[in-house]
$ cat final_9.csv   # CSV, C-alpha atoms and all ligand atoms
chain,number,residue,atom,x,y,z
A,1,MET,CA,26.7,87.7,-38.1
A,2,THR,CA,26.2,90.6,-35.8
A,3,ALA,CA,24.1,88.9,-33.1
A,4,ARG,CA,26.2,87.3,-30.2
A,5,THR,CA,25.7,84.1,-28.4
A,6,ASN,CA,24.1,85.8,-25.4
A,7,ASP,CA,21.6,87.6,-27.8
A,8,ILE,CA,20.7,84.2,-29.2
A,9,GLU,CA,20.2,82.7,-25.8
A,10,LYS,CA,18.1,85.7,-24.8
A,11,ALA,CA,16.0,85.4,-27.9
A,12,ALA,CA,15.4,81.7,-27.3
A,13,GLY,CA,14.3,82.5,-23.8
A,14,VAL,CA,11.8,85.1,-25.1
A,15,LEU,CA,10.4,82.5,-27.4
A,16,ARG,CA,10.1,79.9,-24.6
A,17,ALA,CA,8.3,82.5,-22.5
A,18,GLY,CA,5.7,83.1,-25.2
A,19,GLY,CA,7.2,86.4,-26.5
A,20,LEU,CA,7.9,87.7,-30.0
A,21,VAL,CA,11.4,87.9,-31.5
A,22,ALA,CA,12.3,89.6,-34.8
A,23,LEU,CA,14.8,87.5,-36.5
A,24,PRO,CA,17.0,87.9,-39.5
A,25,THR,CA,16.7,85.5,-42.4
A,26,GLU,CA,18.2,85.5,-45.8
A,27,THR,CA,14.9,86.6,-47.4
A,28,VAL,CA,13.5,89.3,-45.1
A,29,TYR,CA,13.3,89.8,-41.3
A,30,GLY,CA,10.6,87.6,-39.6
A,31,LEU,CA,8.4,88.2,-36.6
A,32,GLY,CA,8.9,84.9,-34.8
A,33,ALA,CA,6.9,83.1,-32.1
A,34,ASN,CA,7.0,79.5,-30.7
A,35,ALA,CA,5.0,77.7,-33.3
A,36,GLU,CA,3.5,75.4,-30.7
A,37,ASP,CA,2.2,78.2,-28.5
A,38,PRO,CA,-1.2,79.3,-29.8
A,39,ALA,CA,-1.3,82.4,-27.7
A,40,ALA,CA,2.1,83.5,-28.9
A,41,VAL,CA,1.1,82.8,-32.5
A,42,ALA,CA,-2.1,84.8,-32.0
A,43,ARG,CA,0.0,87.8,-30.9
A,44,ILE,CA,1.8,87.8,-34.2
A,45,PHE,CA,-1.5,88.4,-36.0
A,46,GLN,CA,-2.4,91.1,-33.5
A,47,VAL,CA,1.0,92.9,-33.9
A,48,LYS,CA,0.9,92.7,-37.6
A,49,GLY,CA,-2.7,93.5,-38.0
A,50,ARG,CA,-2.9,90.4,-40.2
A,51,PRO,CA,-6.2,88.6,-40.7
A,52,SER,CA,-6.1,85.4,-38.7
A,53,SER,CA,-7.1,83.4,-41.8
A,54,HIS,CA,-3.7,84.3,-43.5
A,55,PRO,CA,-1.4,81.3,-42.7
A,56,LEU,CA,2.2,81.6,-41.4
A,57,ILE,CA,5.4,79.8,-42.3
A,58,VAL,CA,6.9,77.4,-39.7
A,59,HIS,CA,10.7,77.7,-39.6
A,60,ILE,CA,12.7,74.6,-38.6
A,61,GLY,CA,16.4,73.9,-38.2
A,62,GLY,CA,16.8,71.3,-40.9
A,63,ALA,CA,14.9,68.7,-43.0
A,64,GLU,CA,15.7,66.1,-40.3
A,65,HIS,CA,13.4,68.0,-37.9
A,66,LEU,CA,10.3,67.6,-40.2
A,67,ASP,CA,8.7,64.9,-38.0
A,68,GLY,CA,5.6,66.1,-36.2
A,69,TRP,CA,5.4,69.3,-38.2
A,70,VAL,CA,4.1,67.6,-41.4
A,71,GLU,CA,2.0,64.5,-41.8
A,72,ASP,CA,4.1,63.0,-44.5
A,73,VAL,CA,6.9,64.0,-46.9
A,74,PRO,CA,6.2,63.0,-50.5
A,75,ALA,CA,9.2,62.1,-52.6
A,76,VAL,CA,9.0,65.4,-54.5
A,77,ALA,CA,9.1,67.4,-51.3
A,78,ARG,CA,12.1,65.4,-50.1
A,79,LEU,CA,13.9,66.1,-53.4
A,80,LEU,CA,13.3,69.8,-53.2
A,81,ALA,CA,14.3,70.0,-49.5
A,82,GLU,CA,17.5,68.2,-50.3
A,83,HIS,CA,18.4,70.6,-53.0
A,84,PHE,CA,17.2,73.9,-51.6
A,85,TRP,CA,17.3,73.7,-47.8
A,86,PRO,CA,18.6,75.7,-46.0
A,87,GLY,CA,17.3,78.3,-48.5
A,88,PRO,CA,14.5,80.6,-49.7
A,89,LEU,CA,12.1,77.7,-50.5
A,90,THR,CA,8.9,77.1,-48.5
A,91,LEU,CA,7.1,73.8,-48.9
A,92,VAL,CA,3.4,73.4,-48.3
A,93,LEU,CA,2.7,70.0,-46.9
A,94,ARG,CA,0.0,68.2,-44.9
A,95,ARG,CA,-0.2,69.6,-41.4
A,96,GLY,CA,1.4,67.5,-38.6
A,97,PRO,CA,0.2,67.3,-34.9
A,98,ARG,CA,2.8,69.9,-33.6
A,99,VAL,CA,1.2,72.7,-35.7
A,100,PRO,CA,-1.7,74.5,-34.0
A,101,LEU,CA,-4.6,75.5,-36.4
A,102,GLU,CA,-3.9,79.2,-35.3
A,103,ALA,CA,-0.7,79.0,-37.4
A,104,THR,CA,-2.3,77.8,-40.5
A,105,GLY,CA,-5.5,79.9,-40.6
A,106,GLY,CA,-7.4,76.7,-40.0
A,107,LEU,CA,-5.9,74.9,-43.1
A,108,ASP,CA,-5.0,71.2,-42.9
A,109,THR,CA,-1.7,72.1,-44.7
A,110,VAL,CA,1.3,73.9,-43.3
A,111,ALA,CA,4.1,75.9,-44.9
A,112,VAL,CA,7.6,74.9,-43.7
A,113,ARG,CA,11.1,76.1,-44.5
A,114,VAL,CA,14.7,76.0,-43.3
A,115,PRO,CA,16.2,79.5,-43.4
A,116,ASP,CA,19.7,80.0,-44.7
A,117,HIS,CA,21.0,82.5,-42.2
A,118,PRO,CA,23.5,81.7,-39.4
A,119,VAL,CA,21.7,83.8,-36.8
A,120,ALA,CA,18.3,82.2,-37.6
A,121,LEU,CA,19.8,78.7,-37.6
A,122,ALA,CA,21.6,79.4,-34.3
A,123,LEU,CA,18.3,80.6,-32.8
A,124,LEU,CA,16.4,77.6,-34.0
A,125,SER,CA,19.1,75.3,-32.6
A,126,ALA,CA,19.1,77.1,-29.2
A,127,PHE,CA,15.3,77.2,-29.0
A,128,GLY,CA,15.0,73.6,-30.1
A,129,GLY,CA,11.4,73.9,-31.6
A,130,GLY,CA,9.8,75.5,-34.6
A,131,VAL,CA,9.3,79.2,-35.1
A,132,THR,CA,6.3,80.7,-37.0
A,133,ALA,CA,7.4,83.9,-38.6
A,134,PRO,CA,5.8,86.1,-41.2
A,135,SER,CA,7.6,89.2,-42.3
A,136,ALA,CA,8.2,91.6,-39.4
A,137,ASN,CA,6.0,94.4,-40.8
A,138,ARG,CA,2.4,95.6,-40.5
A,139,PHE,CA,0.1,93.6,-42.8
A,140,GLY,CA,0.2,94.8,-46.4
A,141,SER,CA,3.2,97.0,-46.1
A,142,VAL,CA,6.9,96.7,-47.2
A,143,SER,CA,8.8,93.8,-45.7
A,144,PRO,CA,11.9,94.7,-43.6
A,145,THR,CA,15.4,93.7,-44.8
A,146,THR,CA,17.3,95.2,-41.9
A,147,ALA,CA,16.9,95.3,-38.1
A,148,ASP,CA,16.5,99.0,-38.3
A,149,HIS,CA,13.5,98.6,-40.6
A,150,VAL,CA,11.9,96.3,-38.0
A,151,ARG,CA,12.6,98.8,-35.1
A,152,ALA,CA,11.2,101.7,-37.1
A,153,GLU,CA,8.0,99.8,-38.0
A,154,LEU,CA,7.2,97.7,-35.0
A,155,GLY,CA,9.2,99.3,-32.2
A,156,ASP,CA,8.1,98.1,-28.7
A,157,ALA,CA,5.5,95.7,-30.1
A,158,VAL,CA,8.4,93.2,-30.5
A,159,ASP,CA,10.0,91.8,-27.3
A,160,PHE,CA,13.4,91.4,-28.8
A,161,VAL,CA,15.1,92.2,-32.1
A,162,LEU,CA,18.0,90.0,-33.3
A,163,ASP,CA,20.3,91.9,-35.6
A,164,GLY,CA,21.9,89.7,-38.3
A,165,GLY,CA,22.8,92.4,-40.8
A,166,PRO,CA,20.9,93.1,-44.1
A,167,SER,CA,19.0,90.2,-45.7
A,168,GLU,CA,21.0,88.8,-48.6
A,169,VAL,CA,18.2,87.7,-50.9
A,170,GLY,CA,15.8,90.6,-50.1
A,171,VAL,CA,12.5,89.1,-51.3
A,172,GLU,CA,10.4,86.4,-49.6
A,173,SER,CA,10.8,82.7,-50.2
A,174,THR,CA,9.3,80.8,-53.1
A,175,ILE,CA,6.3,78.9,-51.9
A,176,VAL,CA,5.7,75.5,-53.5
A,177,ASP,CA,2.6,73.3,-52.9
A,178,ALA,CA,4.1,69.9,-52.5
A,179,THR,CA,1.1,68.1,-51.1
A,180,GLY,CA,0.3,66.4,-54.4
A,181,ASP,CA,2.2,64.5,-57.1
A,182,ILE,CA,2.7,67.6,-59.2
A,183,PRO,CA,4.1,70.6,-57.3
A,184,SER,CA,3.1,74.1,-58.2
A,185,ILE,CA,4.4,77.5,-57.3
A,186,LEU,CA,2.0,79.5,-55.0
A,187,ARG,CA,4.3,82.5,-54.7
A,188,PRO,CA,7.5,83.3,-56.7
A,189,GLY,CA,10.5,84.2,-54.5
A,190,GLY,CA,14.2,83.7,-53.7
A,191,VAL,CA,14.5,80.3,-55.4
A,192,THR,CA,13.9,80.7,-59.1
A,193,ARG,CA,11.4,78.8,-61.2
A,194,GLU,CA,14.2,77.8,-63.5
A,195,ASP,CA,16.2,76.3,-60.6
A,196,LEU,CA,13.2,74.4,-59.4
A,197,GLU,CA,12.4,73.1,-62.9
A,198,ALA,CA,16.0,71.9,-63.4
A,199,VAL,CA,15.8,69.8,-60.2
A,200,LEU,CA,12.3,68.5,-61.0
A,201,GLY,CA,12.9,67.8,-64.6
A,202,HIS,CA,9.6,69.4,-65.8
A,203,SER,CA,8.1,72.8,-66.1
A,204,LEU,CA,6.1,74.5,-63.3
A,205,GLU,CA,3.0,76.6,-63.4
A,206,VAL,CA,3.2,80.1,-61.9
A,207,PRO,CA,0.0,81.6,-60.6
A,208,SER,CA,-1.3,84.7,-62.3
A,209,MET,CA,-2.3,87.8,-60.3
A,210,SER,CA,-6.0,87.1,-61.0
A,211,ARG,CA,-5.9,83.7,-59.3
A,212,VAL,CA,-5.2,84.3,-55.7
A,213,ARG,CA,-5.2,80.9,-54.1
A,214,VAL,CA,-4.7,81.6,-50.5
A,215,PRO,CA,-7.4,82.9,-48.2
A,216,GLY,CA,-7.1,86.2,-46.5
A,217,GLN,CA,-5.1,88.0,-49.2
A,218,HIS,CA,-6.2,91.2,-50.7
A,219,PRO,CA,-4.6,92.6,-53.9
A,220,SER,CA,-2.3,95.2,-52.3
A,221,HIS,CA,0.7,93.9,-50.4
A,222,TYR,CA,4.3,94.8,-50.0
A,223,ALA,CA,3.1,98.3,-50.5
A,224,PRO,CA,4.9,101.6,-49.5
A,225,ARG,CA,2.8,104.6,-48.4
A,226,ALA,CA,3.3,106.2,-51.8
A,227,ARG,CA,1.0,104.9,-54.6
A,228,VAL,CA,2.8,102.7,-57.0
A,229,VAL,CA,2.1,102.9,-60.7
A,230,LEU,CA,3.6,100.6,-63.3
A,231,THR,CA,4.1,101.5,-66.9
A,232,GLU,CA,6.1,100.6,-70.0
A,233,PRO,CA,9.9,101.1,-69.6
A,234,GLU,CA,10.0,103.7,-72.3
A,235,LYS,CA,7.2,105.7,-70.6
A,236,VAL,CA,8.6,105.8,-67.1
A,237,VAL,CA,10.4,109.2,-67.5
A,238,SER,CA,7.7,111.0,-69.4
A,239,GLU,CA,4.9,109.9,-67.1
A,240,ALA,CA,6.9,110.6,-64.0
A,241,GLU,CA,7.8,114.1,-65.2
A,242,LEU,CA,4.2,114.8,-66.1
A,243,ALA,CA,2.9,113.7,-62.7
A,244,GLN,CA,5.6,115.8,-61.0
A,245,GLU,CA,4.4,118.8,-63.1
A,246,LEU,CA,0.9,118.1,-61.9
A,247,GLY,CA,2.0,118.5,-58.3
A,248,HIS,CA,2.9,115.0,-57.2
A,249,GLN,CA,6.2,114.3,-55.4
A,250,VAL,CA,7.3,111.5,-57.7
A,251,GLY,CA,9.9,108.8,-57.2
A,252,VAL,CA,11.1,106.8,-60.2
A,253,PHE,CA,12.8,103.5,-60.6
A,254,LEU,CA,15.2,103.8,-63.5
A,255,PRO,CA,17.9,101.4,-64.9
A,256,ALA,CA,21.4,102.6,-63.7
A,257,SER,CA,22.3,103.6,-67.3
A,258,PHE,CA,19.4,106.1,-67.3
A,259,ALA,CA,19.7,107.4,-63.8
A,260,ASP,CA,22.4,109.9,-64.7
A,261,ALA,CA,20.3,111.8,-67.2
A,262,PRO,CA,18.5,114.7,-65.5
A,263,VAL,CA,14.9,113.6,-64.8
A,264,LYS,CA,12.6,116.3,-63.4
A,265,VAL,CA,11.1,114.4,-60.5
A,266,HIS,CA,11.5,114.4,-56.7
A,267,ALA,CA,13.6,111.3,-56.3
A,268,VAL,CA,15.3,108.7,-58.5
A,269,VAL,CA,16.3,105.1,-57.6
A,270,ALA,CA,19.0,103.6,-59.8
A,271,ILE,CA,18.0,100.0,-60.4
A,272,PRO,CA,21.1,97.7,-60.0
A,273,GLY,CA,22.3,95.8,-63.0
A,274,SER,CA,22.0,92.4,-61.6
A,275,MET,CA,18.6,90.9,-60.6
A,276,ALA,CA,20.1,89.6,-57.3
A,277,ALA,CA,21.1,93.1,-56.3
A,278,TYR,CA,17.7,94.5,-57.4
A,279,ALA,CA,15.9,91.9,-55.3
A,280,ARG,CA,18.2,92.6,-52.3
A,281,GLY,CA,17.6,96.4,-52.6
A,282,LEU,CA,13.9,96.4,-53.7
A,283,TYR,CA,12.2,96.9,-50.3
A,284,GLY,CA,14.8,99.3,-49.1
A,285,PHE,CA,14.2,101.4,-52.2
A,286,LEU,CA,10.5,101.6,-51.6
A,287,ARG,CA,11.1,102.6,-48.0
A,288,GLU,CA,13.6,105.2,-49.0
A,289,LEU,CA,11.1,106.8,-51.5
A,290,ASP,CA,8.5,107.0,-48.7
A,291,GLN,CA,11.1,108.6,-46.4
A,292,ARG,CA,12.0,111.1,-49.0
A,293,GLY,CA,8.4,112.2,-49.1
A,294,CYS,CA,7.2,110.8,-52.4
A,295,ASP,CA,3.5,110.3,-52.8
A,296,LEU,CA,3.8,108.5,-56.2
A,297,ILE,CA,6.3,105.9,-57.4
A,298,ILE,CA,6.5,105.1,-61.1
A,299,ALA,CA,8.3,101.9,-62.2
A,300,SER,CA,8.3,99.3,-64.9
A,301,LEU,CA,8.5,95.5,-64.5
A,302,PRO,CA,11.7,93.6,-65.0
A,303,VAL,CA,11.8,90.7,-67.4
A,304,GLU,CA,10.1,87.9,-65.6
A,305,GLU,CA,12.8,85.3,-65.5
A,306,GLY,CA,15.1,84.3,-62.7
A,307,LEU,CA,14.6,86.6,-59.7
A,308,GLY,CA,12.9,89.0,-62.1
A,309,LEU,CA,9.7,86.9,-61.6
A,310,ALA,CA,9.6,87.5,-57.8
A,311,ILE,CA,10.5,91.2,-58.2
A,312,ALA,CA,7.7,91.7,-60.8
A,313,ASN,CA,5.3,89.9,-58.5
A,314,ARG,CA,6.1,92.2,-55.6
A,315,LEU,CA,5.9,95.3,-57.7
A,316,ARG,CA,2.5,94.2,-59.1
A,317,ARG,CA,1.2,93.6,-55.6
A,318,ALA,CA,2.6,96.9,-54.4
A,319,ALA,CA,0.7,98.6,-57.2
A,320,GLY,CA,-2.5,96.6,-56.5
A,321,PRO,CA,-5.7,98.3,-55.4
A,322,ARG,CA,-5.5,99.5,-51.8
A,323,PRO,CA,-8.2,98.5,-49.3
A,324,THR,CA,-10.6,101.3,-48.7
A,325,VAL,CA,-10.6,102.7,-45.2
B,401,LIG,P1,4.8,86.0,-45.2
B,401,LIG,O1,5.5,85.1,-44.2
B,401,LIG,O2,4.2,87.2,-44.6
B,401,LIG,O3,5.6,86.2,-46.4
B,401,LIG,O4,3.5,85.1,-45.7
B,401,LIG,C1,3.5,83.7,-45.7
B,401,LIG,C2,3.0,83.2,-47.0
B,401,LIG,O5,2.9,81.8,-46.9
B,401,LIG,C3,1.7,83.8,-47.3
B,401,LIG,O6,1.6,84.1,-48.7
B,401,LIG,C4,0.8,82.6,-47.0
B,401,LIG,O7,-0.4,82.7,-47.8
B,401,LIG,C5,1.6,81.4,-47.4
B,401,LIG,N1,1.2,80.2,-46.8
B,401,LIG,C6,1.4,79.8,-45.5
B,401,LIG,N2,0.9,78.6,-45.2
B,401,LIG,C7,0.3,78.2,-46.3
B,401,LIG,C8,-0.5,77.1,-46.7
B,401,LIG,N3,-0.8,76.1,-45.8
B,401,LIG,N4,-0.9,77.0,-47.9
B,401,LIG,C9,-0.7,77.9,-48.8
B,401,LIG,N5,0.0,79.0,-48.6
B,401,LIG,C10,0.5,79.2,-47.3
B,402,MG,MG,4.7,89.4,-45.4
$ encode --input "final_9.csv" --output "structure tokens"
Amino acid sequence: MTARTNDIEKAAGVLRAGGLVALPTETVYGLGANAEDPAAVARIFQVKGRPSSHPLIVHIGGAEHLDGWVEDVPAVARLLAEHFWPGPLTLVLRRGPRVPLEATGGLDTVAVRVPDHPVALALLSAFGGGVTAPSANRFGSVSPTTADHVRAELGDAVDFVLDGGPSEVGVESTIVDATGDIPSILRPGGVTREDLEAVLGHSLEVPSMSRVRVPGQHPSHYAPRARVVLTEPEKVVSEAELAQELGHQVGVFLPASFADAPVKVHAVVAIPGSMAAYARGLYGFLRELDQRGCDLIIASLPVEEGLGLAIANRLRRAAGPRPTV
């Protein structure tokens, strides 16, 4: 934990004054505001360039603080909270009176989570309220997993950046709709589907790319500047070399076992052997390839189990059609 007590106090003061604080969490860095201050919440959307219909996650210090943030806590939500909080699981529940409509894009549900990071928890405790925090990046681009990423992308638009070291998980939380009797996964993330199913005792549906259930989303998200193209694992090298020959500056994602063989492209990222390390590194790799001047990134999808499901989801979104400008 790099942030000191006086940094935490300072950050809590910024939140109380209606300012924005970038805070470390175990998933990615968040752009936080006092969840009960509609003007501060509105500034988040402005700084991110995020459509105001796209709802935010409210971060609280523990399941014992749910009162007022949600209307009721169904048994299944209580079970999941007991098992996975603090942790990378967000529960969508019926909105309580403390949540302004600005934070939920007008929805009568709210997304809530307890982050598993000592600095985030210390801030929530010092502040005493709830903090709405989407990822601390411009809308649609790669999420930050270090304080430096936040400074590079948002600079002076944030009033204070709390540094808590690199995010351990590296991809966003898993979002589960727990408003009804049968929970469903709205977004795969840091808690695996298998872990959720083991606790629930039944299988869970995972949304396909074609069924975007949340308003305000467009297909491309988590995207670097370079165009991302996904292909079969065995075609990554040949397609990448061909694109490089055609004049692109190509970056490739290759399994570590391949990465030593000479590949005639601009930049190679060695995919770590464990899915946990891949998830932790994913956004940093995308940023690195942008920084190295790549205009095209070629990768294949990991097997979609465990954290591979979230990684594949982010890569698909990164490769999704870009909005026309
Ligand atoms: P971000 O914090 O940028 O990772 O985005 C927050 C995610 O939570 C987005 O995908 C939102 O669509 C989702 N989300 C927040 N509130 C709700 C809600 N009430 N119902 C469904 N999804 C939500
Ligand atoms: Mg985000």
$ residues_near_ligand --input "final_9.csv" --ligand "ligand MG 402 (chain B)" --cutoff "12 Å" --atoms "only C-alpha atoms and all ligand atoms" --output "number ranges by chain"
A: 27-31, 44-45, 48-51, 54-57, 133-145, 171-173, 187, 189, 217, 220-223, 283, 314, 317-318
$ write_last_selection --input "final_9.csv" --atoms "C-alpha atoms" --output "PDB file, in the coordinates of the input"
ATOM      1  CA  THR A  27      14.900  86.600 -47.400  1.00  0.00           C
ATOM      2  CA  VAL A  28      13.500  89.300 -45.100  1.00  0.00           C
ATOM      3  CA  TYR A  29      13.300  89.800 -41.300  1.00  0.00           C
ATOM      4  CA  GLY A  30      10.600  87.600 -39.600  1.00  0.00           C
ATOM      5  CA  LEU A  31       8.400  88.200 -36.600  1.00  0.00           C
ATOM      6  CA  ILE A  44       1.800  87.800 -34.200  1.00  0.00           C
ATOM      7  CA  PHE A  45      -1.500  88.400 -36.000  1.00  0.00           C
ATOM      8  CA  LYS A  48       0.900  92.700 -37.600  1.00  0.00           C
ATOM      9  CA  GLY A  49      -2.700  93.500 -38.000  1.00  0.00           C
ATOM     10  CA  ARG A  50      -2.900  90.400 -40.200  1.00  0.00           C
ATOM     11  CA  PRO A  51      -6.200  88.600 -40.700  1.00  0.00           C
ATOM     12  CA  HIS A  54      -3.700  84.300 -43.500  1.00  0.00           C
ATOM     13  CA  PRO A  55      -1.400  81.300 -42.700  1.00  0.00           C
ATOM     14  CA  LEU A  56       2.200  81.600 -41.400  1.00  0.00           C
ATOM     15  CA  ILE A  57       5.400  79.800 -42.300  1.00  0.00           C
ATOM     16  CA  ALA A 133       7.400  83.900 -38.600  1.00  0.00           C
ATOM     17  CA  PRO A 134       5.800  86.100 -41.200  1.00  0.00           C
ATOM     18  CA  SER A 135       7.600  89.200 -42.300  1.00  0.00           C
ATOM     19  CA  ALA A 136       8.200  91.600 -39.400  1.00  0.00           C
ATOM     20  CA  ASN A 137       6.000  94.400 -40.800  1.00  0.00           C
ATOM     21  CA  ARG A 138       2.400  95.600 -40.500  1.00  0.00           C
ATOM     22  CA  PHE A 139       0.100  93.600 -42.800  1.00  0.00           C
ATOM     23  CA  GLY A 140       0.200  94.800 -46.400  1.00  0.00           C
ATOM     24  CA  SER A 141       3.200  97.000 -46.100  1.00  0.00           C
ATOM     25  CA  VAL A 142       6.900  96.700 -47.200  1.00  0.00           C
ATOM     26  CA  SER A 143       8.800  93.800 -45.700  1.00  0.00           C
ATOM     27  CA  PRO A 144      11.900  94.700 -43.600  1.00  0.00           C
ATOM     28  CA  THR A 145      15.400  93.700 -44.800  1.00  0.00           C
ATOM     29  CA  VAL A 171      12.500  89.100 -51.300  1.00  0.00           C
ATOM     30  CA  GLU A 172      10.400  86.400 -49.600  1.00  0.00           C
ATOM     31  CA  SER A 173      10.800  82.700 -50.200  1.00  0.00           C
ATOM     32  CA  ARG A 187       4.300  82.500 -54.700  1.00  0.00           C
ATOM     33  CA  GLY A 189      10.500  84.200 -54.500  1.00  0.00           C
ATOM     34  CA  GLN A 217      -5.100  88.000 -49.200  1.00  0.00           C
ATOM     35  CA  SER A 220      -2.300  95.200 -52.300  1.00  0.00           C
ATOM     36  CA  HIS A 221       0.700  93.900 -50.400  1.00  0.00           C
ATOM     37  CA  TYR A 222       4.300  94.800 -50.000  1.00  0.00           C
ATOM     38  CA  ALA A 223       3.100  98.300 -50.500  1.00  0.00           C
ATOM     39  CA  TYR A 283      12.200  96.900 -50.300  1.00  0.00           C
ATOM     40  CA  ARG A 314       6.100  92.200 -55.600  1.00  0.00           C
ATOM     41  CA  ARG A 317       1.200  93.600 -55.600  1.00  0.00           C
ATOM     42  CA  ALA A 318       2.600  96.900 -54.400  1.00  0.00           C
TER      43      ALA A 318
END
$ residues_around --input "final_9.csv" --residues "region 99-104 of chain A" --least-positions-apart "5" --cutoff "9 Å" --atoms "all atoms listed in the file" --output "PDB file with C-alpha atoms, in the frame of the given file"
ATOM      1  CA  ALA A  35       5.000  77.700 -33.300  1.00  0.00           C
ATOM      2  CA  GLU A  36       3.500  75.400 -30.700  1.00  0.00           C
ATOM      3  CA  ASP A  37       2.200  78.200 -28.500  1.00  0.00           C
ATOM      4  CA  PRO A  38      -1.200  79.300 -29.800  1.00  0.00           C
ATOM      5  CA  ALA A  39      -1.300  82.400 -27.700  1.00  0.00           C
ATOM      6  CA  VAL A  41       1.100  82.800 -32.500  1.00  0.00           C
ATOM      7  CA  ALA A  42      -2.100  84.800 -32.000  1.00  0.00           C
ATOM      8  CA  SER A  52      -6.100  85.400 -38.700  1.00  0.00           C
ATOM      9  CA  SER A  53      -7.100  83.400 -41.800  1.00  0.00           C
ATOM     10  CA  HIS A  54      -3.700  84.300 -43.500  1.00  0.00           C
ATOM     11  CA  PRO A  55      -1.400  81.300 -42.700  1.00  0.00           C
ATOM     12  CA  LEU A  56       2.200  81.600 -41.400  1.00  0.00           C
ATOM     13  CA  ILE A  57       5.400  79.800 -42.300  1.00  0.00           C
ATOM     14  CA  VAL A  58       6.900  77.400 -39.700  1.00  0.00           C
ATOM     15  CA  GLY A  68       5.600  66.100 -36.200  1.00  0.00           C
ATOM     16  CA  TRP A  69       5.400  69.300 -38.200  1.00  0.00           C
ATOM     17  CA  VAL A  70       4.100  67.600 -41.400  1.00  0.00           C
ATOM     18  CA  THR A 109      -1.700  72.100 -44.700  1.00  0.00           C
ATOM     19  CA  VAL A 110       1.300  73.900 -43.300  1.00  0.00           C
ATOM     20  CA  ALA A 111       4.100  75.900 -44.900  1.00  0.00           C
ATOM     21  CA  THR A 132       6.300  80.700 -37.000  1.00  0.00           C
TER      22      THR A 132
END
$ atom_distance --input "final_9.csv" --atom1 "CA of Pro24 (chain A)" --atom2 "CA of Lys10 (chain A)"
14.9 Å
$ closest_residue --input "final_9.csv" --among "A:Pro183, A:Gly128, A:Gly164, A:Gly62" --to "Glu9 (chain A)" --atoms "only C-alpha atoms"
A:Gly128
$ closest_residue --input "final_9.csv" --among "A:Gly105, A:Gly273, A:Pro166, A:Pro321" --to "ligand LIG 401 (chain B)" --atoms "only C-alpha atoms and all ligand atoms"
A:Gly105
$ residues_near_point --input "final_9.csv" --point "(4.4, 105.3, -51.6)" --cutoff "10 Å" --atoms "only C-alpha atoms" --output "count of residues only"
26
$ atom_distance --input "final_9.csv" --atom1 "atom C2 of ligand LIG 401 (chain B)" --atom2 "CA of Gly170 (chain A)"
15.1 Å
$ residues_around --input "final_9.csv" --residues "region 264-270 of chain A" --least-positions-apart "4" --cutoff "6 Å" --atoms "only C-alpha atoms" --output "JSON, numbers by chain"
{"A": [241, 244, 249, 250, 251, 252, 253, 254, 255, 256, 259]}
$ residues_around --input "final_9.csv" --residues "Asp156 (chain A)" --least-positions-apart "4" --cutoff "12 Å" --atoms "only C-alpha atoms" --output "list of chain:residue names"
A:Gly19, A:Leu20, A:Val21, A:Ala22, A:Val47, A:Val150, A:Arg151, A:Ala152, A:Phe160, A:Val161
$ atom_distance --input "final_9.csv" --atom1 "CA of Val14 (chain A)" --atom2 "CA of His59 (chain A)"
16.3 Å
$ closest_residue --input "final_9.csv" --among "A:His248, A:Glu239, A:Ile175, A:Leu204" --to "Ala310 (chain A)" --atoms "all atoms listed in the file"
A:Ile175
$ closest_residue --input "final_9.csv" --among "A:Gly308, A:Pro74, A:Gly96, A:Pro86" --to "ligand LIG 401 (chain B)" --atoms "all atoms listed in the file"
A:Gly96
$ closest_residue --input "final_9.csv" --among "A:Val112, A:Val73, A:Val303, A:Leu186" --to "Ser274 (chain A)" --atoms "only C-alpha atoms"
A:Val303
$ residues_around --input "final_9.csv" --residues "Gly306 (chain A)" --least-positions-apart "2" --cutoff "7 Å" --atoms "only C-alpha atoms" --output "ChimeraX atom specification"
/A:192-194,304,308-309
$ write_last_selection --input "final_9.csv" --atoms "C-alpha atoms" --output "PDB file, in the frame of the given file"
ATOM      1  CA  THR A 192      13.900  80.700 -59.100  1.00  0.00           C
ATOM      2  CA  ARG A 193      11.400  78.800 -61.200  1.00  0.00           C
ATOM      3  CA  GLU A 194      14.200  77.800 -63.500  1.00  0.00           C
ATOM      4  CA  GLU A 304      10.100  87.900 -65.600  1.00  0.00           C
ATOM      5  CA  GLY A 308      12.900  89.000 -62.100  1.00  0.00           C
ATOM      6  CA  LEU A 309       9.700  86.900 -61.600  1.00  0.00           C
TER       7      LEU A 309
END
$ residues_around --input "final_9.csv" --residues "Ala276 (chain A)" --least-positions-apart "3" --cutoff "9 Å" --atoms "all atoms listed in the file" --output "ChimeraX atom specification"
/A:168-170,272-273,279-281,307-308
$ closest_residue --input "final_9.csv" --among "A:Ile60, A:Ala178, A:Leu124, A:Leu154" --to "Asp72 (chain A)" --atoms "only C-alpha atoms"
A:Ala178
